[in-house]
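S.K.: Below: one structure in structure tokens.
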Amino acid sequence: MRYSRFFLPTLKEVPAEAEIISHKLLLRAGMIRKLASGLYSYLPLGLRSLRKIEGIIREEMNRAGAQEVLLPLVQPAELWQESGRWDRYGKELLRLKDRHQRAYGLGPTHEEVITDLIRGEVRSYRDFPINLYQIQTKFRDEIRPRFGLMRGREFIMKDAYSFDVDDEALEETYQAMYQAYCRIFERCGLNFRPVEADTGSIGGHASHEFMVLADTGEDQIACCTSCDYAANVELAPVIHPSDHPDVRPSKPMTKVNTPGRRSVKEVTEFLGISDTCLVKTLILLADGRPVVALLKGNHELNDVKLRRFLGAEDLELADSDTVRRITGAPVGFAGPVGLSGGLKIIADQDLFDLKDFVTGANEVDAHYTGVNWGRDVPRPEFADIRVITEKDPCPRCKGKIELKRGIEVGHIFKLGTKYSEAMGATFLDANGRKRPIVMGCYGIGVGRTLAAAIEQNHDENGIIFPAPIAPFEVIISLVNVTDTVMVEAAEDIYNGLMAQGVETLLDDRKERPGVKFKDADLIGIPLRITVGKRLKETNEVEIRDRATGKTILVQRDRAVKRASEML
RNA sequence: CGGGGCGUAGCGCAGCCUGGUAGCGCAUCUGCUUUGGGAGCAGAGGGCCGGAGGUUCAAAUCCUCUCGCCCCGACCA
């Protein structure tokens, strides 16, 4: 490709809308442009990279025994009503009506469609396993799209769905996909980690996320430094020490005046106590019903754990009116003492051994000190409902836990029979008995993978593409387009590389060398061949490695060979 | 949806408080010079100051409403 004819609008300045590095560089490198919030156009350079990633995904999916299909984006509401998700999926599902007033959803995911397809075609246990995937534009009406390709509303996703006869067979498929995912992200040049994960609204009973490690990641993961345990913090269990300290009360319960002190920090500083002696009281709504969660002042509520414990679909912090109605006090002074008996109260397990603690008094500007279970407050239900910290031991080996941030580029689930049962997708087993198909599903965010790769591979000059996903493998910087000797040499090398199947961009623009070098660095092509003054002096050209900056000089005739070897 | 911020030339911004000729840098176009890390000089073009309403002799500037975008929270690839 000749740069002079290639649609590649690079930006010298950073667009104000971009916050994180991948978003800035995707815009500056002329790979994407925004149409509206969460909606992006892929320009030729960006699309080339996306196609590379898709190519890797296709190879690995096919190798793992999956077959490519392409399913409709527009999906009839009836299918979603069958699975029950028409009501439960929420506003991320964009709903629309056709001219006959029939309701549809714009596919955010395709469990319903694929299950419908399979139930119509498959009858016998002999037909399994089946594993189908597609690479397609999804639409999710995200509450808050952000960070460019990281969280768009319209985005390209690879989604695969597997169908097996039983859990054992699913386990085998699941492992094959797990391995395929590892290979895909390795081949994309990513530093990633598979972690145990929550199943969220997709449902099912086991799941792993593939996290690209990056400070800008939206997820937090807990990794053990000793064993290979790694999990999304949403899931990571906290091990409660099993020793039994003295929990007999040593202080009387006393009401103290705490004018205007609402937050943990304000109250503990005012009373001169540690935040580990304070019990904070959160009022939440679980599927609309109020519940109370109690935690140590230094701990954070893990809403996924609490939601699971309660078996609730939906969990949110209560609004201030609800808090006032339940506690009789404004936000900041809630406590378990004297709350009405009917209210569900769950305390974090770490509070089990706590004595003589401090809590809100359910009245303005007042807290209790010396509060004790049994004597002052009925013992509530205890459960692990907090977020793991780096002070907690590894739940598997008791080793040290490190918290890291990650970008979720892939997510695999064992769905089990959730969809097949709801939608009547069954087969006849060897004994002629009707059984529900056992399913799995497996997603990769293609655009997000590209963004994640840039988050991990860049410097102050721009992107440093891992070669397998680079939009071009080589860029030839022709320093002076008016010098016929240089032009001829550059053309020769260009034709030579193209003949070898090396994807090459020939920078034949009438620009000064500095501009060409800056653009070459910005768009991150792994190898740059500079055809310039050395050609005139010693008949040499330079080959420069974008990642290391290392430059070698080679004779003009050997440039094609050397460059091919270096890729 | 709640909280915060921003809409002025293709991009980055100033001007707004204190109303009175719409400005700067980059980019674009023309000419000359330059040609190994985002050139120099000279000239040119480009704006319903997000939109609607209001106040005023006069609005980018003040007021009201609205739309869009970005950031923080709940969602997820």
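By convention here, the chains of the structure tokens are called A, B, ... in the order presented, each chain's residues are numbered starting at 1, and ligands are numbered starting at 1 in the order presented.
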Please determine the contact residues of chain B with respect to chain A at a cut-off of 6 Å, counting only C-alpha atoms (C1' of nucleotides), and supply them as a compact mmCIF listing (two decimals) with all heavy atoms, in the first residue's frame.
M.R.:
# COMPACT_ATOMS: atom_id res chain seq x y z
P U B 35 18.35 21.38 2.04
OP1 U B 35 19.72 21.31 2.58
OP2 U B 35 18.12 21.46 0.58
O5' U B 35 17.51 20.15 2.60
C5' U B 35 17.37 19.98 4.01
C4' U B 35 16.41 18.85 4.26
O4' U B 35 15.15 19.16 3.63
C3' U B 35 16.89 17.52 3.68
O3' U B 35 16.63 16.47 4.59
C2' U B 35 16.02 17.34 2.43
O2' U B 35 15.70 15.99 2.14
C1' U B 35 14.74 18.06 2.83
N1 U B 35 14.02 18.57 1.65
C2 U B 35 12.77 18.04 1.39
O2 U B 35 12.23 17.20 2.10
N3 U B 35 12.18 18.52 0.25
C4 U B 35 12.68 19.44 -0.61
O4 U B 35 12.03 19.76 -1.59
C5 U B 35 13.99 19.95 -0.27
C6 U B 35 14.60 19.50 0.83
P G B 36 17.81 15.94 5.51
OP1 G B 36 18.18 17.01 6.47
OP2 G B 36 18.86 15.27 4.72
O5' G B 36 16.95 14.83 6.28
C5' G B 36 15.91 15.22 7.19
C4' G B 36 16.05 14.38 8.43
O4' G B 36 16.10 13.00 8.03
C3' G B 36 17.32 14.64 9.23
O3' G B 36 17.08 14.42 10.61
C2' G B 36 18.27 13.56 8.73
O2' G B 36 19.24 13.20 9.65
C1' G B 36 17.29 12.41 8.49
N9 G B 36 17.75 11.45 7.50
C8 G B 36 18.04 11.68 6.19
N7 G B 36 18.43 10.60 5.56
C5 G B 36 18.40 9.62 6.53
C6 G B 36 18.72 8.25 6.45
O6 G B 36 19.10 7.60 5.47
N1 G B 36 18.55 7.61 7.67
C2 G B 36 18.13 8.22 8.81
N2 G B 36 18.02 7.45 9.88
N3 G B 36 17.82 9.50 8.92
C4 G B 36 17.98 10.12 7.74
P G B 37 16.30 15.42 11.52
OP1 G B 37 16.35 16.77 10.95
OP2 G B 37 16.76 15.17 12.91
O5' G B 37 14.83 14.82 11.38
C5' G B 37 13.69 15.69 11.32
C4' G B 37 12.77 15.33 12.46
O4' G B 37 12.60 13.88 12.49
C3' G B 37 13.25 15.73 13.84
O3' G B 37 12.12 16.11 14.61
C2' G B 37 13.80 14.44 14.42
O2' G B 37 13.74 14.41 15.82
C1' G B 37 12.86 13.43 13.80
N9 G B 37 13.38 12.07 13.71
C8 G B 37 14.57 11.66 13.19
N7 G B 37 14.72 10.36 13.24
C5 G B 37 13.56 9.90 13.85
C6 G B 37 13.15 8.59 14.18
O6 G B 37 13.75 7.53 13.99
N1 G B 37 11.91 8.57 14.78
C2 G B 37 11.16 9.68 15.03
N2 G B 37 9.99 9.48 15.62
N3 G B 37 11.52 10.92 14.73
C4 G B 37 12.72 10.95 14.15
P G B 38 11.59 17.63 14.27
OP1 G B 38 12.60 18.53 13.69
OP2 G B 38 10.91 17.96 15.53
O5' G B 38 10.55 17.34 13.13
C5' G B 38 9.38 16.61 13.41
C4' G B 38 8.28 17.07 12.51
O4' G B 38 7.15 16.21 12.71
C3' G B 38 7.82 18.50 12.78
O3' G B 38 7.27 18.96 11.56
C2' G B 38 6.67 18.26 13.77
O2' G B 38 5.67 19.28 13.66
C1' G B 38 6.07 16.97 13.24
N9 G B 38 5.38 16.05 14.14
C8 G B 38 5.42 15.86 15.49
N7 G B 38 4.61 14.90 15.89
C5 G B 38 4.01 14.45 14.71
C6 G B 38 3.04 13.44 14.48
O6 G B 38 2.51 12.68 15.28
N1 G B 38 2.71 13.35 13.15
C2 G B 38 3.24 14.12 12.15
N2 G B 38 2.80 13.90 10.92
N3 G B 38 4.16 15.07 12.34
C4 G B 38 4.48 15.17 13.64
P C B 70 -18.51 10.60 24.85
OP1 C B 70 -17.75 9.56 24.14
OP2 C B 70 -19.82 10.28 25.46
O5' C B 70 -17.59 11.25 25.97
C5' C B 70 -16.26 11.62 25.68
C4' C B 70 -15.64 12.32 26.86
O4' C B 70 -16.39 13.53 27.16
C3' C B 70 -15.70 11.55 28.18
O3' C B 70 -14.69 10.58 28.27
C2' C B 70 -15.52 12.67 29.19
O2' C B 70 -14.17 13.10 29.24
C1' C B 70 -16.36 13.78 28.56
N1 C B 70 -17.74 13.80 29.08
C2 C B 70 -17.96 14.37 30.33
O2 C B 70 -17.00 14.83 30.95
N3 C B 70 -19.22 14.42 30.84
C4 C B 70 -20.23 13.91 30.14
N4 C B 70 -21.45 13.98 30.68
C5 C B 70 -20.04 13.30 28.86
C6 C B 70 -18.79 13.26 28.37
P A B 77 -19.96 -10.40 29.19
OP1 A B 77 -20.75 -11.55 28.78
OP2 A B 77 -19.14 -10.47 30.41
O5' A B 77 -19.00 -9.97 28.01
C5' A B 77 -18.36 -10.97 27.26
C4' A B 77 -17.14 -10.37 26.59
O4' A B 77 -17.56 -9.41 25.61
C3' A B 77 -16.26 -9.63 27.56
O3' A B 77 -15.23 -10.51 28.00
C2' A B 77 -15.72 -8.46 26.77
O2' A B 77 -14.46 -8.73 26.29
C1' A B 77 -16.69 -8.30 25.62
N9 A B 77 -17.49 -7.09 25.75
C8 A B 77 -18.58 -6.88 26.53
N7 A B 77 -19.09 -5.69 26.43
C5 A B 77 -18.27 -5.05 25.50
C6 A B 77 -18.27 -3.76 24.96
N6 A B 77 -19.17 -2.85 25.29
N1 A B 77 -17.31 -3.45 24.07
C2 A B 77 -16.40 -4.38 23.75
N3 A B 77 -16.31 -5.63 24.20
C4 A B 77 -17.28 -5.91 25.09
S.K.: With a distance cut-off of 12 Å and only C-alpha atoms (C1' of nucleotides), select the neighbouring residues of segment 12-28 of chain B, excluding the residue or stretch itself and same-chain residues fewer than 2 positions from it, and output the selection as a PyMOL selection string.
M.R.: (chain A and resi 9-17) or (chain B and resi 8-10+30+38+44-47+49+55-62)
S.K.: Please, could you write that set of residues out with N, CA and C atoms (P, O5', C5', C4', C3', O3' and C1' of nucleotides) as a compact mmCIF listing (two decimals), in the first residue's frame?
M.R.:
# COMPACT_ATOMS: atom_id res chain seq x y z
N PRO A 9 -5.66 9.47 8.27
CA PRO A 9 -5.56 10.81 8.86
C PRO A 9 -5.02 10.76 10.29
N THR A 10 -3.72 11.02 10.44
CA THR A 10 -3.14 11.02 11.79
C THR A 10 -3.29 12.40 12.41
N LEU A 11 -3.25 12.44 13.72
CA LEU A 11 -3.42 13.70 14.44
C LEU A 11 -2.16 14.02 15.24
N LYS A 12 -1.75 15.27 15.13
CA LYS A 12 -0.60 15.68 15.90
C LYS A 12 -1.01 15.96 17.34
N GLU A 13 -2.21 16.49 17.48
CA GLU A 13 -2.68 16.82 18.82
C GLU A 13 -3.70 15.80 19.32
N VAL A 14 -3.79 15.70 20.63
CA VAL A 14 -4.67 14.71 21.23
C VAL A 14 -6.09 15.26 21.30
N PRO A 15 -7.07 14.58 20.76
CA PRO A 15 -8.45 15.03 20.88
C PRO A 15 -8.86 15.11 22.35
N ALA A 16 -9.59 16.15 22.69
CA ALA A 16 -9.94 16.40 24.09
C ALA A 16 -10.79 15.29 24.68
N GLU A 17 -11.52 14.56 23.85
CA GLU A 17 -12.48 13.59 24.37
C GLU A 17 -11.80 12.34 24.94
P U B 8 -16.60 23.92 20.53
O5' U B 8 -16.81 25.50 20.46
C5' U B 8 -17.76 26.05 19.56
C4' U B 8 -17.28 27.39 19.06
C3' U B 8 -15.94 27.37 18.35
O3' U B 8 -16.03 26.92 17.00
C1' U B 8 -15.94 29.12 19.91
P A B 9 -14.88 26.08 16.41
O5' A B 9 -14.60 26.77 15.00
C5' A B 9 -15.45 26.52 13.88
C4' A B 9 -14.61 26.23 12.66
C3' A B 9 -13.54 25.16 12.87
O3' A B 9 -13.36 24.42 11.67
C1' A B 9 -12.50 27.18 12.27
P G B 10 -14.43 23.34 11.25
O5' G B 10 -13.50 22.04 11.23
C5' G B 10 -14.02 20.74 11.07
C4' G B 10 -12.86 19.79 11.16
C3' G B 10 -12.15 19.82 12.50
O3' G B 10 -12.69 18.87 13.38
C1' G B 10 -10.58 20.18 10.76
P U B 30 -1.91 24.08 -3.48
O5' U B 30 -1.48 25.58 -3.75
C5' U B 30 -2.20 26.40 -4.67
C4' U B 30 -1.55 27.75 -4.77
C3' U B 30 -0.02 27.74 -4.85
O3' U B 30 0.46 27.47 -6.16
C1' U B 30 -0.71 29.35 -3.27
P G B 38 11.59 17.63 14.27
O5' G B 38 10.55 17.34 13.13
C5' G B 38 9.38 16.61 13.41
C4' G B 38 8.28 17.07 12.51
C3' G B 38 7.82 18.50 12.78
O3' G B 38 7.27 18.96 11.56
C1' G B 38 6.07 16.97 13.24
P A B 44 -3.47 38.07 2.95
O5' A B 44 -4.29 36.82 2.40
C5' A B 44 -4.76 36.84 1.06
C4' A B 44 -5.35 35.50 0.70
C3' A B 44 -6.50 35.03 1.59
O3' A B 44 -7.73 35.64 1.25
C1' A B 44 -4.98 33.25 1.21
P G B 45 -8.81 35.85 2.38
O5' G B 45 -9.53 34.44 2.42
C5' G B 45 -10.12 33.90 1.24
C4' G B 45 -10.38 32.43 1.42
C3' G B 45 -11.27 32.07 2.61
O3' G B 45 -12.64 32.21 2.30
C1' G B 45 -9.37 30.67 2.59
P G B 46 -13.61 32.77 3.40
O5' G B 46 -13.71 31.57 4.43
C5' G B 46 -14.28 30.32 4.02
C4' G B 46 -13.91 29.25 5.00
C3' G B 46 -14.45 29.46 6.41
O3' G B 46 -15.78 28.98 6.51
C1' G B 46 -12.16 28.81 6.49
P G B 47 -16.92 29.93 7.01
O5' G B 47 -17.44 29.04 8.23
C5' G B 47 -16.58 28.56 9.22
C4' G B 47 -17.21 28.66 10.59
C3' G B 47 -18.56 29.38 10.61
O3' G B 47 -19.43 28.71 11.49
C1' G B 47 -17.02 30.49 12.03
P C B 49 -22.61 31.48 15.45
O5' C B 49 -21.63 30.98 16.59
C5' C B 49 -21.25 29.57 16.63
C4' C B 49 -20.53 29.32 17.94
C3' C B 49 -21.43 29.67 19.12
O3' C B 49 -21.81 28.59 19.94
C1' C B 49 -19.39 30.96 19.15
P U B 55 -37.56 40.09 25.81
O5' U B 55 -36.39 40.54 26.79
C5' U B 55 -36.59 40.56 28.19
C4' U B 55 -35.33 40.99 28.90
C3' U B 55 -34.67 42.24 28.32
O3' U B 55 -35.27 43.43 28.81
C1' U B 55 -33.04 40.56 28.65
P U B 56 -35.68 44.59 27.75
O5' U B 56 -34.27 45.12 27.26
C5' U B 56 -33.36 45.70 28.18
C4' U B 56 -32.04 45.92 27.52
C3' U B 56 -32.10 46.66 26.19
O3' U B 56 -32.20 48.06 26.36
C1' U B 56 -30.66 44.78 26.02
P C B 57 -33.16 48.86 25.39
O5' C B 57 -32.33 48.94 24.03
C5' C B 57 -32.99 49.33 22.82
C4' C B 57 -31.97 49.42 21.71
C3' C B 57 -31.10 48.20 21.54
O3' C B 57 -31.73 47.21 20.74
C1' C B 57 -29.74 50.13 21.55
P A B 58 -31.58 45.66 21.14
O5' A B 58 -30.01 45.43 20.98
C5' A B 58 -29.43 45.41 19.68
C4' A B 58 -27.94 45.26 19.78
C3' A B 58 -27.47 44.03 20.53
O3' A B 58 -27.45 42.90 19.68
C1' A B 58 -26.28 45.93 21.29
P A B 59 -27.75 41.43 20.28
O5' A B 59 -26.52 41.18 21.26
C5' A B 59 -25.18 41.13 20.78
C4' A B 59 -24.46 39.96 21.40
C3' A B 59 -25.05 38.60 21.03
O3' A B 59 -24.00 37.63 21.05
C1' A B 59 -25.24 38.91 23.35
P A B 60 -23.09 37.39 19.77
O5' A B 60 -22.23 36.11 20.14
C5' A B 60 -22.84 34.83 20.32
C4' A B 60 -22.04 34.00 21.27
C3' A B 60 -22.14 34.44 22.74
O3' A B 60 -23.22 33.84 23.38
C1' A B 60 -19.87 34.13 22.11
P U B 61 -23.99 34.59 24.51
O5' U B 61 -22.86 35.07 25.52
C5' U B 61 -22.19 34.14 26.38
C4' U B 61 -21.18 34.88 27.21
C3' U B 61 -21.80 35.84 28.22
O3' U B 61 -21.10 35.76 29.45
C1' U B 61 -20.33 37.00 26.75
P C B 62 -21.69 34.83 30.57
O5' C B 62 -22.99 35.63 31.02
C5' C B 62 -22.92 36.62 32.03
C4' C B 62 -24.31 37.09 32.36
C3' C B 62 -25.39 36.02 32.37
O3' C B 62 -25.42 35.32 33.60
C1' C B 62 -26.15 37.85 31.11
S.K.: Looking at A:Ala293, A:Ile463, A:Asn191, A:Ala559, which one is nearest to Met31 of chain A, with distances taken over only C-alpha atoms?
M.R.: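 Among A:Ala293, A:Ile463, A:Asn191, A:Ala559, it is A:Ile463 that comes nearest to Met31 of chain A.
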S.K.: Could you pull the residues within 12 Å of C65 of chain B, counting only C-alpha atoms (C1' of nucleotides), minus those fewer than 5 positions along the same chain, as a list in words?
M.R.: G51, A52, G53 and G54 of chain B
S.K.: If we count only C-alpha atoms (C1' of nucleotides), what is near Tyr178 of chain A at a cut-off of 12 Å, once residues fewer than 2 positions away on the same chain are taken out, given as a ChimeraX atom specification?
M.R.: /A:60-61,64,170-176,180-185,193-196,207-210,410-414,440-444
S.K.: Pick out each residue of segment 248-329 of chain A that DSSP on the backbone tags as alpha helix (DSSP H); I need them as a short mmCIF file (atom, residue, chain, number, x, y, z; two decimals) with all heavy atoms, in the first residue's frame.
M.R.:
data_model
loop_
_atom_site.label_atom_id
_atom_site.label_comp_id
_atom_site.auth_asym_id
_atom_site.auth_seq_id
_atom_site.Cartn_x
_atom_site.Cartn_y
_atom_site.Cartn_z
N VAL A 264 -16.95 7.09 57.82
CA VAL A 264 -16.09 6.28 58.68
C VAL A 264 -14.90 7.12 59.15
O VAL A 264 -14.54 7.12 60.33
CB VAL A 264 -15.59 5.03 57.92
CG1 VAL A 264 -14.50 4.31 58.71
CG2 VAL A 264 -16.75 4.09 57.64
N LYS A 265 -14.32 7.85 58.23
CA LYS A 265 -13.14 8.65 58.53
C LYS A 265 -13.47 9.72 59.59
O LYS A 265 -12.75 9.87 60.57
CB LYS A 265 -12.66 9.31 57.24
CG LYS A 265 -11.31 9.97 57.33
CD LYS A 265 -10.72 10.18 55.93
CE LYS A 265 -9.39 10.90 55.99
NZ LYS A 265 -9.52 12.34 56.27
N GLU A 266 -14.59 10.41 59.36
CA GLU A 266 -14.96 11.48 60.30
C GLU A 266 -15.22 10.94 61.69
O GLU A 266 -14.76 11.49 62.69
CB GLU A 266 -16.22 12.20 59.78
CG GLU A 266 -15.95 13.11 58.59
CD GLU A 266 -17.24 13.51 57.86
OE1 GLU A 266 -18.34 13.01 58.23
OE2 GLU A 266 -17.15 14.31 56.93
N VAL A 267 -15.96 9.83 61.76
CA VAL A 267 -16.34 9.30 63.06
C VAL A 267 -15.12 8.75 63.82
O VAL A 267 -14.92 9.03 65.00
CB VAL A 267 -17.41 8.19 62.91
CG1 VAL A 267 -17.70 7.52 64.25
CG2 VAL A 267 -18.69 8.78 62.32
N THR A 268 -14.27 7.99 63.10
CA THR A 268 -13.12 7.38 63.79
C THR A 268 -12.13 8.45 64.24
O THR A 268 -11.57 8.35 65.32
CB THR A 268 -12.41 6.35 62.89
OG1 THR A 268 -12.08 6.97 61.64
CG2 THR A 268 -13.27 5.14 62.64
N GLU A 269 -11.95 9.46 63.43
CA GLU A 269 -11.03 10.54 63.83
C GLU A 269 -11.59 11.30 65.02
O GLU A 269 -10.88 11.62 65.98
CB GLU A 269 -10.77 11.50 62.66
CG GLU A 269 -9.70 10.98 61.72
CD GLU A 269 -9.54 11.85 60.48
OE1 GLU A 269 -10.17 12.92 60.41
OE2 GLU A 269 -8.80 11.43 59.57
N PHE A 270 -12.90 11.55 64.99
CA PHE A 270 -13.54 12.31 66.06
C PHE A 270 -13.46 11.55 67.39
O PHE A 270 -13.18 12.13 68.44
CB PHE A 270 -15.00 12.57 65.68
CG PHE A 270 -15.76 13.35 66.70
CD1 PHE A 270 -15.52 14.72 66.87
CD2 PHE A 270 -16.73 12.75 67.49
CE1 PHE A 270 -16.23 15.44 67.81
CE2 PHE A 270 -17.44 13.47 68.42
CZ PHE A 270 -17.19 14.83 68.59
N LEU A 271 -13.68 10.22 67.32
CA LEU A 271 -13.68 9.43 68.54
C LEU A 271 -12.29 8.91 68.89
O LEU A 271 -12.10 8.30 69.95
CB LEU A 271 -14.64 8.24 68.39
CG LEU A 271 -16.13 8.60 68.21
CD1 LEU A 271 -16.95 7.34 67.96
CD2 LEU A 271 -16.66 9.37 69.42
N ASP A 303 -20.69 -6.37 46.43
CA ASP A 303 -22.12 -6.50 46.13
C ASP A 303 -22.45 -7.78 45.38
O ASP A 303 -23.56 -8.29 45.48
CB ASP A 303 -22.66 -5.26 45.40
CG ASP A 303 -21.85 -4.92 44.17
OD1 ASP A 303 -20.67 -5.28 44.12
OD2 ASP A 303 -22.40 -4.28 43.25
N VAL A 304 -21.48 -8.33 44.65
CA VAL A 304 -21.73 -9.60 43.96
C VAL A 304 -21.93 -10.71 44.99
O VAL A 304 -22.86 -11.52 44.90
CB VAL A 304 -20.60 -9.95 42.99
CG1 VAL A 304 -20.75 -11.37 42.48
CG2 VAL A 304 -20.59 -8.96 41.83
N LYS A 305 -21.06 -10.73 45.98
CA LYS A 305 -21.19 -11.76 47.03
C LYS A 305 -22.51 -11.62 47.76
O LYS A 305 -23.20 -12.62 48.03
CB LYS A 305 -20.03 -11.63 48.04
CG LYS A 305 -18.70 -12.14 47.54
CD LYS A 305 -17.67 -12.02 48.66
CE LYS A 305 -16.27 -12.42 48.18
NZ LYS A 305 -15.26 -12.13 49.24
N LEU A 306 -22.86 -10.39 48.11
CA LEU A 306 -24.10 -10.19 48.86
C LEU A 306 -25.32 -10.58 48.01
O LEU A 306 -26.25 -11.23 48.50
CB LEU A 306 -24.21 -8.74 49.33
CG LEU A 306 -25.47 -8.41 50.14
CD1 LEU A 306 -25.58 -9.31 51.37
CD2 LEU A 306 -25.50 -6.95 50.56
N ARG A 307 -25.25 -10.19 46.73
CA ARG A 307 -26.36 -10.52 45.85
C ARG A 307 -26.53 -12.03 45.75
O ARG A 307 -27.64 -12.57 45.83
CB ARG A 307 -26.10 -9.92 44.46
CG ARG A 307 -27.23 -10.13 43.47
CD ARG A 307 -27.08 -9.24 42.24
NE ARG A 307 -25.76 -9.30 41.63
CZ ARG A 307 -25.34 -10.29 40.85
NH1 ARG A 307 -26.13 -11.32 40.60
NH2 ARG A 307 -24.14 -10.26 40.34
N ARG A 308 -25.42 -12.74 45.63
CA ARG A 308 -25.48 -14.20 45.57
C ARG A 308 -26.02 -14.78 46.87
O ARG A 308 -26.82 -15.70 46.86
CB ARG A 308 -24.09 -14.76 45.34
CG ARG A 308 -23.60 -14.55 43.94
CD ARG A 308 -22.26 -15.20 43.79
NE ARG A 308 -21.98 -15.46 42.39
CZ ARG A 308 -21.21 -16.44 41.95
NH1 ARG A 308 -20.63 -17.25 42.81
NH2 ARG A 308 -21.00 -16.60 40.68
N PHE A 309 -25.54 -14.23 47.99
CA PHE A 309 -25.97 -14.74 49.29
C PHE A 309 -27.48 -14.59 49.45
O PHE A 309 -28.17 -15.47 49.95
CB PHE A 309 -25.24 -14.00 50.41
CG PHE A 309 -25.62 -14.45 51.78
CD1 PHE A 309 -25.11 -15.62 52.31
CD2 PHE A 309 -26.54 -13.72 52.54
CE1 PHE A 309 -25.47 -16.05 53.58
CE2 PHE A 309 -26.91 -14.15 53.80
CZ PHE A 309 -26.37 -15.31 54.32
N LEU A 310 -27.98 -13.44 48.98
CA LEU A 310 -29.41 -13.18 49.12
C LEU A 310 -30.23 -13.88 48.04
O LEU A 310 -31.45 -13.95 48.13
CB LEU A 310 -29.66 -11.67 49.03
CG LEU A 310 -29.07 -10.82 50.15
CD1 LEU A 310 -29.14 -9.35 49.78
CD2 LEU A 310 -29.81 -11.08 51.45
N SER A 320 -31.60 8.07 49.86
CA SER A 320 -31.57 8.66 51.21
C SER A 320 -32.94 8.63 51.88
O SER A 320 -33.04 8.52 53.11
CB SER A 320 -31.01 10.08 51.16
OG SER A 320 -31.72 10.84 50.22
N ASP A 321 -34.01 8.70 51.09
CA ASP A 321 -35.35 8.66 51.69
C ASP A 321 -35.60 7.30 52.34
O ASP A 321 -36.15 7.21 53.45
CB ASP A 321 -36.42 8.91 50.62
CG ASP A 321 -36.44 10.37 50.19
OD1 ASP A 321 -35.81 11.18 50.89
OD2 ASP A 321 -37.06 10.67 49.16
N THR A 322 -35.20 6.25 51.63
CA THR A 322 -35.38 4.90 52.17
C THR A 322 -34.55 4.73 53.44
O THR A 322 -35.02 4.16 54.43
CB THR A 322 -34.94 3.85 51.12
OG1 THR A 322 -35.64 4.12 49.90
CG2 THR A 322 -35.25 2.45 51.59
N VAL A 323 -33.32 5.24 53.42
CA VAL A 323 -32.47 5.13 54.60
C VAL A 323 -33.14 5.82 55.79
O VAL A 323 -33.20 5.28 56.89
CB VAL A 323 -31.09 5.79 54.33
CG1 VAL A 323 -30.27 5.86 55.61
CG2 VAL A 323 -30.34 5.02 53.26
N ARG A 324 -33.69 6.99 55.55
CA ARG A 324 -34.34 7.72 56.62
C ARG A 324 -35.58 6.98 57.13
O ARG A 324 -35.83 6.92 58.34
CB ARG A 324 -34.74 9.12 56.11
CG ARG A 324 -35.21 10.06 57.19
CD ARG A 324 -35.61 11.39 56.59
NE ARG A 324 -34.47 12.27 56.35
CZ ARG A 324 -34.00 13.12 57.27
NH1 ARG A 324 -34.55 13.19 58.47
NH2 ARG A 324 -32.98 13.90 56.99
N ARG A 325 -36.31 6.38 56.21
CA ARG A 325 -37.53 5.64 56.59
C ARG A 325 -37.17 4.43 57.46
O ARG A 325 -37.83 4.13 58.46
CB ARG A 325 -38.25 5.19 55.32
CG ARG A 325 -39.57 4.48 55.54
CD ARG A 325 -40.38 4.42 54.25
NE ARG A 325 -39.62 3.87 53.12
CZ ARG A 325 -39.43 2.56 52.94
NH1 ARG A 325 -39.91 1.69 53.81
NH2 ARG A 325 -38.75 2.13 51.89
N ILE A 326 -36.08 3.75 57.12
CA ILE A 326 -35.73 2.52 57.82
C ILE A 326 -35.01 2.80 59.14
O ILE A 326 -35.27 2.14 60.15
CB ILE A 326 -34.85 1.65 56.91
CG1 ILE A 326 -35.73 1.09 55.79
CG2 ILE A 326 -34.19 0.51 57.69
CD1 ILE A 326 -34.95 0.45 54.69
N THR A 327 -34.12 3.79 59.14
CA THR A 327 -33.33 4.01 60.35
C THR A 327 -33.87 5.15 61.19
O THR A 327 -33.48 5.31 62.34
CB THR A 327 -31.87 4.36 59.97
OG1 THR A 327 -31.84 5.64 59.34
CG2 THR A 327 -31.29 3.32 59.04
#
S.K.: When DSSP works through the backbone of this structure, what residues of segment 127-346 of chain A end up as strand (DSSP E or B), shown as a PyMOL selection string?
M.R.: chain A and resi 130-139+146+151+154-164+192-196+206-213+219-224+230-232+254-257+278-286+289-296+301+315-317+344-346
S.K.: Between A:Asn495, A:Gln500, A:Thr551, A:Thr417, which one has atoms that come closest to His205 of chain A, using only C-alpha atoms?
M.R.: A:Thr417
S.K.: Rounded to one decimal place, report the atom CA of Asp167 of chain A-atom CA of Ala206 of chain A distance in Å.
M.R.: 11.4 Å
S.K.: Hey, what's within 10 Å of Ser49 of chain A if we count only C-alpha atoms (C1' of nucleotides) and toss same-chain stuff fewer than 4 positions away? As a list in words, please?
M.R.: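 Counting only C-alpha atoms (C1' of nucleotides), the residues come to Met31, Tyr42, Pro44, Leu45, Ile53, Glu54, Gly55, Val446, Gly447, Leu450, Phe465, Pro468, Ile469, Ala470, Pro471 and Phe472 of chain A.
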S.K.: Might you pull out every residue within 10 Å of Ile239 of chain A, with only C-alpha atoms (C1' of nucleotides) counted and same-chain residues fewer than 4 positions away left off, and present them as a list in words?
M.R.: Gln349, Asp350, Asp384, Ile388, Asp392, Pro393, Cys394, Pro395, Arg396 and Lys398 of chain A
